[in-house]
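Engineer: What follows is a structure written as structure tokens; I'll ask about it next.
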Amino acid sequence: MRAKWPGRPVKRLYGRWRRVEAVTMSQAIYGWIPLALEFTVMDPCWHADESQSLTLPLDVSDDSQGFKAPVVAPITTGVSNPSQRPGWVLNSGNQGAWPTVRIDGPVTNPKVWVVETGRYLQLNTSLAVGEWIEIETRPGTRWVLRNGSGNAATALTAKSRLDLFRIPPKRSEIRWTATDYTNTCRLTLSWRDAYKAL
């Protein structure tokens with residue numbers, strides 16, 4: 001369901017219609033029919049109408065140049081300024097946001113975690129080139145699908161909890177590890193900011 005207060009952005013509430021019926025047809029004036037609506041929510045949070053996303057390669061360092069002699073201390077690798085890491089996400093809401101995670105192969109045994117909460121999703125599986133796994137964490141639609149149709153939930157490790165994997169309010173860092181000798185695999189994370197009220 002989408003709703004909007006005047007002067008505020010549109011927000012979404014996820015759930016299912018339980019009942020939709022006309023209250024009475026005797027009060028139908030100018031085509032306006034009063035309705036009784038019952039909507040049951042899966043998650044009491046309101047979500048932003050627009051989704052955000054982030055795509056991360058497995059290795060963000062540029063090592064195409066290698067080391068140059070003479071090597072002088074201090075030696076740094078990758079990005080030395082943490083604020084420039086590409087894994088930062090922003091949930092502008094005041095509640096934890098439910099992300100959708102997509103991992104594109106080739107990759108083996110990927111693990112994705114939110115640094116601030118320590119919560120992670122880890123898969124004991126291998127994906128070939130052109131294969132992917134999509135993980136949906138939102139209540140009422142939780143799934144782990146391989147190539148868009150096959151159930152891959154059995155690949156999740158025992159400590160991977162879809163019901164606890166959320167992006168907390170404010171800025172958070174997403175990290176991931178896996179095995180990929182081609183460095184062509186990708187992690188795509190998408191989410192909608194979550195709010196307590198409309």
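The chains in the structure tokens are called A, B, ... from first to last as shown; in each chain the residues are counted from 1, and the ligands are counted from 1 in the order shown.
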List the spatial neighbours of stretch 180-184 of chain A as an MDAnalysis selection string - criterion: any atom at most 7 Å away, only C-alpha atoms, same-chain residues fewer than 6 positions off excluded.

Structural biologist: chainID A and resid 58:59 106:108

Engineer: Store the residues picked out above in a file with N, CA and C atoms, as a CSV table (one decimal), in the first residue's frame.

Structural biologist:
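Printed below is selection12.csv as written:
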```csv
chain,number,residue,atom,x,y,z
A,58,LEU,N,34.3,-7.9,-5.6
A,58,LEU,CA,34.9,-8.6,-4.5
A,58,LEU,C,36.1,-7.9,-4.0
A,59,ASP,N,36.9,-7.4,-4.9
A,59,ASP,CA,38.2,-6.7,-4.5
A,59,ASP,C,38.1,-5.3,-5.1
A,106,PRO,N,31.1,-15.7,-11.3
A,106,PRO,CA,31.5,-16.9,-10.6
A,106,PRO,C,32.0,-16.6,-9.2
A,107,VAL,N,31.5,-17.4,-8.2
A,107,VAL,CA,31.9,-17.2,-6.8
A,107,VAL,C,31.7,-18.5,-6.0
A,108,THR,N,32.5,-18.6,-5.0
A,108,THR,CA,32.3,-19.8,-4.1
A,108,THR,C,32.2,-19.3,-2.6
```

Engineer: Give me, as a list in words, all polymer residues having an atom no more than 7 Å from A:Arg166, counting only C-alpha atoms and skipping those fewer than 4 positions away in the same chain.

Structural biologist: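 Listed by chain and then number, they are Gly96, Ala97, Trp98 and Pro99 of chain A.
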
Engineer: Could you pull out the strand (DSSP E) residues of stretch 2-194 of chain A, going by DSSP on the backbone, and write them as a PyMOL selection string?

Structural biologist: chain A and resi 2-3+11-12+15-22+35-41+46-48+52-57+88-91+100-104+107-114+120-122+126-127+132-136+143-146+150-151+170-179+186-191+194

Engineer: Please, could you write that set of residues out with C-alpha atoms as a PDB file, in the first residue's frame?

Structural biologist:
```
ATOM      1  CA  ARG A   2       1.299   3.473  -0.864  1.00  0.00           C
ATOM      2  CA  ALA A   3       0.338   6.536   1.186  1.00  0.00           C
ATOM      3  CA  LYS A  11       5.842   5.812   1.587  1.00  0.00           C
ATOM      4  CA  ARG A  12       4.987   2.109   1.302  1.00  0.00           C
ATOM      5  CA  GLY A  15       1.053  -6.486   3.625  1.00  0.00           C
ATOM      6  CA  ARG A  16      -2.096  -8.043   2.175  1.00  0.00           C
ATOM      7  CA  TRP A  17      -5.677  -6.909   1.695  1.00  0.00           C
ATOM      8  CA  ARG A  18      -7.901  -9.066   3.902  1.00  0.00           C
ATOM      9  CA  ARG A  19     -11.255  -7.448   3.146  1.00  0.00           C
ATOM     10  CA  VAL A  20     -12.525  -4.939   0.586  1.00  0.00           C
ATOM     11  CA  GLU A  21     -16.264  -4.331   0.467  1.00  0.00           C
ATOM     12  CA  ALA A  22     -18.730  -1.542  -0.168  1.00  0.00           C
ATOM     13  CA  LEU A  35     -15.628   1.168   1.242  1.00  0.00           C
ATOM     14  CA  ALA A  36     -14.570  -0.844   4.269  1.00  0.00           C
ATOM     15  CA  LEU A  37     -10.927  -1.892   3.862  1.00  0.00           C
ATOM     16  CA  GLU A  38      -8.912  -4.243   6.010  1.00  0.00           C
ATOM     17  CA  PHE A  39      -5.158  -4.402   5.408  1.00  0.00           C
ATOM     18  CA  THR A  40      -2.891  -6.766   7.368  1.00  0.00           C
ATOM     19  CA  VAL A  41       0.781  -5.793   7.496  1.00  0.00           C
ATOM     20  CA  TRP A  46       6.756   2.300   6.481  1.00  0.00           C
ATOM     21  CA  HIS A  47       9.271   2.204   3.633  1.00  0.00           C
ATOM     22  CA  ALA A  48      10.508   4.833   1.192  1.00  0.00           C
ATOM     23  CA  GLN A  52      18.508   2.551  -3.254  1.00  0.00           C
ATOM     24  CA  SER A  53      21.209   0.153  -4.369  1.00  0.00           C
ATOM     25  CA  LEU A  54      24.907  -0.492  -4.121  1.00  0.00           C
ATOM     26  CA  THR A  55      27.040  -2.796  -6.287  1.00  0.00           C
ATOM     27  CA  LEU A  56      30.380  -4.038  -4.972  1.00  0.00           C
ATOM     28  CA  PRO A  57      33.103  -6.082  -6.637  1.00  0.00           C
ATOM     29  CA  TRP A  88      28.860   2.566   2.719  1.00  0.00           C
ATOM     30  CA  VAL A  89      25.051   2.537   2.719  1.00  0.00           C
ATOM     31  CA  LEU A  90      22.649   5.113   4.142  1.00  0.00           C
ATOM     32  CA  ASN A  91      19.289   4.274   5.680  1.00  0.00           C
ATOM     33  CA  THR A 100      17.615  -7.562  -1.009  1.00  0.00           C
ATOM     34  CA  VAL A 101      20.982  -9.198  -1.751  1.00  0.00           C
ATOM     35  CA  ARG A 102      22.039 -10.465  -5.175  1.00  0.00           C
ATOM     36  CA  ILE A 103      25.336 -12.271  -5.744  1.00  0.00           C
ATOM     37  CA  ASP A 104      26.459 -12.818  -9.342  1.00  0.00           C
ATOM     38  CA  VAL A 107      31.918 -17.168  -6.830  1.00  0.00           C
ATOM     39  CA  THR A 108      32.305 -19.765  -4.072  1.00  0.00           C
ATOM     40  CA  ASN A 109      31.119 -19.545  -0.437  1.00  0.00           C
ATOM     41  CA  PRO A 110      30.082 -15.855  -0.264  1.00  0.00           C
ATOM     42  CA  LYS A 111      29.519 -14.123   3.060  1.00  0.00           C
ATOM     43  CA  VAL A 112      27.864 -10.690   3.398  1.00  0.00           C
ATOM     44  CA  TRP A 113      27.708  -8.771   6.663  1.00  0.00           C
ATOM     45  CA  VAL A 114      26.708  -5.431   8.151  1.00  0.00           C
ATOM     46  CA  TYR A 120      25.688 -11.871   8.272  1.00  0.00           C
ATOM     47  CA  LEU A 121      24.400 -14.133   5.536  1.00  0.00           C
ATOM     48  CA  GLN A 122      26.762 -16.896   4.454  1.00  0.00           C
ATOM     49  CA  SER A 126      29.402 -22.240  -5.806  1.00  0.00           C
ATOM     50  CA  LEU A 127      28.036 -20.170  -8.676  1.00  0.00           C
ATOM     51  CA  TRP A 132      23.248 -15.718  -9.398  1.00  0.00           C
ATOM     52  CA  ILE A 133      21.580 -16.017  -6.010  1.00  0.00           C
ATOM     53  CA  GLU A 134      18.990 -13.520  -4.810  1.00  0.00           C
ATOM     54  CA  ILE A 135      18.140 -13.199  -1.118  1.00  0.00           C
ATOM     55  CA  GLU A 136      15.030 -11.303  -0.002  1.00  0.00           C
ATOM     56  CA  TRP A 143      13.426 -16.295   0.028  1.00  0.00           C
ATOM     57  CA  VAL A 144      16.770 -17.473  -1.308  1.00  0.00           C
ATOM     58  CA  LEU A 145      16.547 -18.186  -5.041  1.00  0.00           C
ATOM     59  CA  ARG A 146      19.139 -19.537  -7.436  1.00  0.00           C
ATOM     60  CA  GLY A 150      15.367 -22.655  -7.724  1.00  0.00           C
ATOM     61  CA  ASN A 151      15.257 -22.733  -3.918  1.00  0.00           C
ATOM     62  CA  LYS A 170      22.013   6.112   9.568  1.00  0.00           C
ATOM     63  CA  ARG A 171      25.231   5.141   7.814  1.00  0.00           C
ATOM     64  CA  SER A 172      26.484   1.548   7.805  1.00  0.00           C
ATOM     65  CA  GLU A 173      29.207  -0.425   6.096  1.00  0.00           C
ATOM     66  CA  ILE A 174      28.539  -3.544   4.061  1.00  0.00           C
ATOM     67  CA  ARG A 175      31.396  -6.004   3.553  1.00  0.00           C
ATOM     68  CA  TRP A 176      31.619  -9.305   1.769  1.00  0.00           C
ATOM     69  CA  THR A 177      34.100 -12.097   1.199  1.00  0.00           C
ATOM     70  CA  ALA A 178      34.162 -15.078  -1.139  1.00  0.00           C
ATOM     71  CA  THR A 179      36.467 -16.978  -3.471  1.00  0.00           C
ATOM     72  CA  ARG A 186      29.439  -8.809  -7.937  1.00  0.00           C
ATOM     73  CA  LEU A 187      27.321  -8.149  -4.863  1.00  0.00           C
ATOM     74  CA  THR A 188      24.262  -5.928  -5.364  1.00  0.00           C
ATOM     75  CA  LEU A 189      22.420  -4.727  -2.282  1.00  0.00           C
ATOM     76  CA  SER A 190      19.134  -2.822  -2.581  1.00  0.00           C
ATOM     77  CA  TRP A 191      16.939  -1.415   0.172  1.00  0.00           C
ATOM     78  CA  ALA A 194      12.398   2.327   6.850  1.00  0.00           C
TER      79      ALA A 194
END
```

Engineer: For A:Gln95, which residue out of A:Glu50, A:Asp193, A:Glu131, A:Glu116 is the nearest one, using only C-alpha atoms?

Structural biologist: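 Of the candidates, the smallest distance to A:Gln95 is held by A:Asp193.
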